[in-house]
Amino acid sequence: MSSDRTLRPPVRIAVTGHRDLDPETESLVDAEVRRFLREYAPHVVGISCLALGADQIFAAAVLDLGGVLEAVVPAREYGEGAFRALLAGASEIRRLPFERASPEAYAAANDLLIETADLLVAVWDGLPARGSGGTAEAVTAAARRRVPVRVIWPSGATRVDTV
């Protein structure tokens with residue numbers, strides 16, 4: 001048996017995380033996500049909904065590190081920021097049958113992410129959900145399905161107050 005990393009099968013890592021990160025937190029999260037993914041690169045398949053914030057940070061890191069990106073698009077009317085550019089880099093795109101982004105669409109997307117993942121990365125402050133279909137619910141769903149969760153929330157990270 002060889003210890004050559006090139007013979008290792010890819011690890012399927014999904015992401016869930018907060019959208020409302022301030023610019024300093026985005027930099028902190030980006031550095032921590034890249035540090036974590038280097039252990040698996042380039043033998044990683046990243047699975048993401050490509051939402052603003054954590055999802056786009058993760059997706060860009062997967063591609064930059066030579067991994068494969070799979071996108072789950074929650075609704076037909078969906079996508080902000082670098083969404084289109086990242087979607088163009090995806091090797092597979094799964095589109096859900098919702099017209100508009102909604103808590104129901106996000107919950108369905110989370111289910112699809114988790115059911116196809118070996119591991120879930122959660123860029124999460126550890127607080128309870130602010131609504132349905134969010135990060136805390138995805139973490140709970142992964143635990144129910146016995147999918148390991150790696151929480152990333154660097155020291156000094158904050159969320160933008162959107163209330």
# chains A, B, ... in the order shown; residues from 1 in each chain; ligands from 1
$ residues_around --residues "Glu104 of chain A" --least-positions-apart "3" --cutoff "7 Å" --atoms "only C-alpha atoms" --output "list in words"
Ala107, Ala108 and Gly133 of chain A
$ write_last_selection --atoms "all heavy atoms" --output "PDB file, in the first residue's frame"
ATOM      1  N   ALA A 107     -33.533  25.036   3.480  1.00  0.00           N
ATOM      2  CA  ALA A 107     -33.560  23.783   4.236  1.00  0.00           C
ATOM      3  C   ALA A 107     -33.386  22.586   3.297  1.00  0.00           C
ATOM      4  O   ALA A 107     -32.641  21.642   3.597  1.00  0.00           O
ATOM      5  CB  ALA A 107     -34.854  23.668   5.028  1.00  0.00           C
ATOM      6  N   ALA A 108     -34.045  22.618   2.151  1.00  0.00           N
ATOM      7  CA  ALA A 108     -33.907  21.532   1.172  1.00  0.00           C
ATOM      8  C   ALA A 108     -32.477  21.469   0.636  1.00  0.00           C
ATOM      9  O   ALA A 108     -31.916  20.383   0.447  1.00  0.00           O
ATOM     10  CB  ALA A 108     -34.902  21.725   0.032  1.00  0.00           C
ATOM     11  N   GLY A 133     -33.757  27.071   7.969  1.00  0.00           N
ATOM     12  CA  GLY A 133     -32.858  26.825   6.844  1.00  0.00           C
ATOM     13  C   GLY A 133     -31.473  27.392   7.016  1.00  0.00           C
ATOM     14  O   GLY A 133     -30.696  27.434   6.062  1.00  0.00           O
TER      15      GLY A 133
END
$ residues_around --residues "segment 8-14 of chain A" --least-positions-apart "4" --cutoff "8 Å" --atoms "only C-alpha atoms" --output "list of chain:residue names"
A:Asp4, A:Tyr40, A:His43, A:Val44, A:Val45, A:Gly46, A:Ile47, A:Ser48, A:Leu113, A:Ile114, A:Thr116, A:Ala117, A:Asp118, A:Leu119, A:Leu120, A:Val121
$ select_by_dssp --residues "segment 67-134 of chain A" --states "strand (DSSP E)" --output "VMD selection string"
chain A and resid 68 to 77 92 to 100 119 to 123
$ write_last_selection --atoms "C-alpha atoms" --output "short mmCIF file (atom, residue, chain, number, x, y, z; two decimals), in the first residue's frame"
data_model
loop_
_atom_site.label_atom_id
_atom_site.label_comp_id
_atom_site.auth_asym_id
_atom_site.auth_seq_id
_atom_site.Cartn_x
_atom_site.Cartn_y
_atom_site.Cartn_z
CA VAL A 68 -13.51 20.16 -7.50
CA LEU A 69 -16.56 22.31 -6.80
CA GLU A 70 -20.15 21.10 -6.87
CA ALA A 71 -22.94 23.66 -6.60
CA VAL A 72 -26.39 23.27 -5.12
CA VAL A 73 -28.66 26.10 -6.29
CA PRO A 74 -31.64 26.47 -3.92
CA ALA A 75 -33.92 28.39 -6.29
CA ARG A 76 -34.23 29.77 -9.80
CA GLU A 77 -34.08 33.36 -8.57
CA GLU A 92 -21.63 19.73 -11.29
CA ILE A 93 -24.69 21.91 -10.65
CA ARG A 94 -27.79 20.62 -8.90
CA ARG A 95 -30.78 22.95 -9.07
CA LEU A 96 -33.69 22.65 -6.68
CA PRO A 97 -37.25 23.17 -7.96
CA PHE A 98 -38.01 26.37 -6.01
CA GLU A 99 -38.79 29.61 -7.82
CA ARG A 100 -37.47 31.94 -5.11
CA LEU A 119 -17.90 16.10 6.32
CA LEU A 120 -19.65 19.44 6.93
CA VAL A 121 -17.68 22.63 7.49
CA ALA A 122 -19.78 25.12 9.46
CA VAL A 123 -18.68 28.74 9.57
#
$ residues_around --residues "Ala157 of chain A" --least-positions-apart "3" --cutoff "8 Å" --atoms "only C-alpha atoms" --output "list in words"
Glu24, Thr25, Leu28, Val29, Trp153 and Pro154 of chain A
$ write_last_selection --atoms "N, CA, C and O atoms" --output "PDB file, in the first residue's frame"
ATOM      1  N   GLU A  24     -13.410  42.178   7.905  1.00  0.00           N
ATOM      2  CA  GLU A  24     -12.307  41.597   8.679  1.00  0.00           C
ATOM      3  C   GLU A  24     -12.580  40.121   8.969  1.00  0.00           C
ATOM      4  O   GLU A  24     -11.691  39.276   8.876  1.00  0.00           O
ATOM      5  N   THR A  25     -13.824  39.808   9.299  1.00  0.00           N
ATOM      6  CA  THR A  25     -14.185  38.419   9.556  1.00  0.00           C
ATOM      7  C   THR A  25     -14.063  37.580   8.294  1.00  0.00           C
ATOM      8  O   THR A  25     -13.616  36.427   8.343  1.00  0.00           O
ATOM      9  N   LEU A  28     -10.496  36.608   8.087  1.00  0.00           N
ATOM     10  CA  LEU A  28     -10.168  35.597   9.102  1.00  0.00           C
ATOM     11  C   LEU A  28     -10.714  34.226   8.701  1.00  0.00           C
ATOM     12  O   LEU A  28     -10.019  33.210   8.814  1.00  0.00           O
ATOM     13  N   VAL A  29     -11.953  34.198   8.240  1.00  0.00           N
ATOM     14  CA  VAL A  29     -12.588  32.940   7.830  1.00  0.00           C
ATOM     15  C   VAL A  29     -11.869  32.363   6.618  1.00  0.00           C
ATOM     16  O   VAL A  29     -11.593  31.160   6.555  1.00  0.00           O
ATOM     17  N   TRP A 153     -14.867  29.240  13.420  1.00  0.00           N
ATOM     18  CA  TRP A 153     -15.250  30.578  13.872  1.00  0.00           C
ATOM     19  C   TRP A 153     -14.024  31.185  14.549  1.00  0.00           C
ATOM     20  O   TRP A 153     -13.813  31.045  15.753  1.00  0.00           O
ATOM     21  N   PRO A 154     -13.155  31.840  13.753  1.00  0.00           N
ATOM     22  CA  PRO A 154     -11.882  32.337  14.280  1.00  0.00           C
ATOM     23  C   PRO A 154     -12.052  33.365  15.394  1.00  0.00           C
ATOM     24  O   PRO A 154     -13.040  34.106  15.430  1.00  0.00           O
TER      25      PRO A 154
END
$ closest_residue --among "A:Asp111, A:Val62, A:Gly134, A:Thr158" --to "Phe36 of chain A" --atoms "only C-alpha atoms"
A:Val62
$ atom_distance --atom1 "atom CA of Arg130 of chain A" --atom2 "atom CA of Ala54 of chain A"
16.3 Å
$ residues_around --residues "Thr135 of chain A" --least-positions-apart "5" --cutoff "8 Å" --atoms "only C-alpha atoms" --output "PyMOL selection string"
chain A and resi 16-18+122-124+129
